Amino acid sequence: MPCGGGILSSKKGLGETVLGWFVVREGGDDDDATPEELIEKYGKKQPPPPPEEAAPPSVRLQGNVPQVAAGQAPDAAVFPQVYRAAKISDEEQQRVDKALALLQSLPTETPKDIRKQIVEASLKAFAIPIDQIIETSAQEIQALEAYIQHGERHTQSVLQDANAQLEKLAAHITEIKKLMEMQVKTQQSIVRAANEQKLRVQTVLEFFGQEAVARVVKDSPKLVELK
């Protein structure tokens, strides 16, 4: 795989070089989005194709693919598991970690050519072939892209299940509201019918007069004065 300096200086940006092995460090559109906007975005987003149909670089993650609980963020311990799921051994991972440690130990103001000479000399001293580090680094990027796709498929599944539950809840809420409306209408009809019946019975009370009614209500243990 060619990986010369001309690639890094391309005006097209790192993300368009070497079949997308390099990641452009740009702020994502999701950074400033609200939770509602993100849910709508992922709800409408088409899930990525299965690994066997996806365009390279992509691999099939096997075995114990680490899951991150909803609301949590992955920590550093997740990624070695991702690499193992992509069949990258611990020894291969350690080679990349060794190269990273060497790079991070050098002052940032050191010219790139000097840093490259130092790192390559150190790796040779540890008998670590540079081509193997490049290969494993590319494998890890493949694995991380596969992990992103794996997460998107899981997110799609969660959103689909959640939307199905929301639809059921919405239908249930509609039924409850309908029941409430029916009960209110029933109560209104009860009030109308009962008041009509009261008017019928009231004819008897009006016939005997208000004073007689007041006396009977006061003396009767069965009656209470209506407020």
# chains A, B, ... in the order shown; residues from 1 in each chain; ligands from 1
>>> residues_around(residues="region 93-108 of chain A", least_positions_apart="2", cutoff="8 Å", atoms="only C-alpha atoms", output="PDB file with N, CA and C atoms, in the first residue's frame")
ATOM      1  N   PRO A  80      -9.672  -1.856  22.531  1.00  0.00           N
ATOM      2  CA  PRO A  80      -8.976  -3.144  22.390  1.00  0.00           C
ATOM      3  C   PRO A  80      -9.937  -4.303  22.123  1.00  0.00           C
ATOM      4  N   TYR A  83     -10.836  -4.184  18.488  1.00  0.00           N
ATOM      5  CA  TYR A  83      -9.753  -4.722  17.661  1.00  0.00           C
ATOM      6  C   TYR A  83      -9.716  -6.245  17.739  1.00  0.00           C
ATOM      7  N   ILE A  88      -7.583  -8.677  15.457  1.00  0.00           N
ATOM      8  CA  ILE A  88      -6.278  -8.032  15.630  1.00  0.00           C
ATOM      9  C   ILE A  88      -5.754  -8.453  17.005  1.00  0.00           C
ATOM     10  N   SER A  89      -4.652  -9.142  17.031  1.00  0.00           N
ATOM     11  CA  SER A  89      -4.154  -9.706  18.282  1.00  0.00           C
ATOM     12  C   SER A  89      -3.642  -8.613  19.216  1.00  0.00           C
ATOM     13  N   ASP A  90      -3.508  -8.967  20.502  1.00  0.00           N
ATOM     14  CA  ASP A  90      -2.966  -8.022  21.479  1.00  0.00           C
ATOM     15  C   ASP A  90      -1.539  -7.627  21.113  1.00  0.00           C
ATOM     16  N   GLU A  91      -0.787  -8.581  20.586  1.00  0.00           N
ATOM     17  CA  GLU A  91       0.591  -8.279  20.202  1.00  0.00           C
ATOM     18  C   GLU A  91       0.629  -7.239  19.082  1.00  0.00           C
ATOM     19  N   THR A 110       9.753  19.341  17.256  1.00  0.00           N
ATOM     20  CA  THR A 110      10.771  18.593  16.507  1.00  0.00           C
ATOM     21  C   THR A 110      10.324  18.426  15.062  1.00  0.00           C
ATOM     22  N   PRO A 111      11.166  18.749  14.085  1.00  0.00           N
ATOM     23  CA  PRO A 111      10.774  18.592  12.676  1.00  0.00           C
ATOM     24  C   PRO A 111      10.305  17.170  12.380  1.00  0.00           C
ATOM     25  N   ARG A 115      11.658  13.498  13.650  1.00  0.00           N
ATOM     26  CA  ARG A 115      10.823  12.589  14.447  1.00  0.00           C
ATOM     27  C   ARG A 115      10.697  11.236  13.760  1.00  0.00           C
ATOM     28  N   VAL A 119      11.773   7.724  15.443  1.00  0.00           N
ATOM     29  CA  VAL A 119      10.782   6.659  15.656  1.00  0.00           C
ATOM     30  C   VAL A 119      11.181   5.406  14.897  1.00  0.00           C
ATOM     31  N   LEU A 123      12.012   1.814  16.605  1.00  0.00           N
ATOM     32  CA  LEU A 123      11.244   0.617  16.266  1.00  0.00           C
ATOM     33  C   LEU A 123      12.153  -0.493  15.764  1.00  0.00           C
ATOM     34  N   ILE A 128      10.726  -4.222  15.568  1.00  0.00           N
ATOM     35  CA  ILE A 128       9.326  -4.130  15.145  1.00  0.00           C
ATOM     36  C   ILE A 128       9.298  -3.644  13.707  1.00  0.00           C
ATOM     37  N   ILE A 133       3.429  -2.325  11.464  1.00  0.00           N
ATOM     38  CA  ILE A 133       2.736  -1.272  12.211  1.00  0.00           C
ATOM     39  C   ILE A 133       1.750  -0.551  11.296  1.00  0.00           C
ATOM     40  N   THR A 136      -1.186  -2.917  10.686  1.00  0.00           N
ATOM     41  CA  THR A 136      -2.071  -3.034  11.846  1.00  0.00           C
ATOM     42  C   THR A 136      -2.835  -1.739  12.084  1.00  0.00           C
ATOM     43  N   SER A 137      -2.175  -0.595  11.868  1.00  0.00           N
ATOM     44  CA  SER A 137      -2.869   0.683  12.024  1.00  0.00           C
ATOM     45  C   SER A 137      -4.043   0.776  11.060  1.00  0.00           C
TER      46      SER A 137
END
>>> closest_residue(among="A:Gln187, A:Thr203, A:Gln197, A:Gln81", to="Gln62 (chain A)", atoms="only C-alpha atoms")
A:Gln81
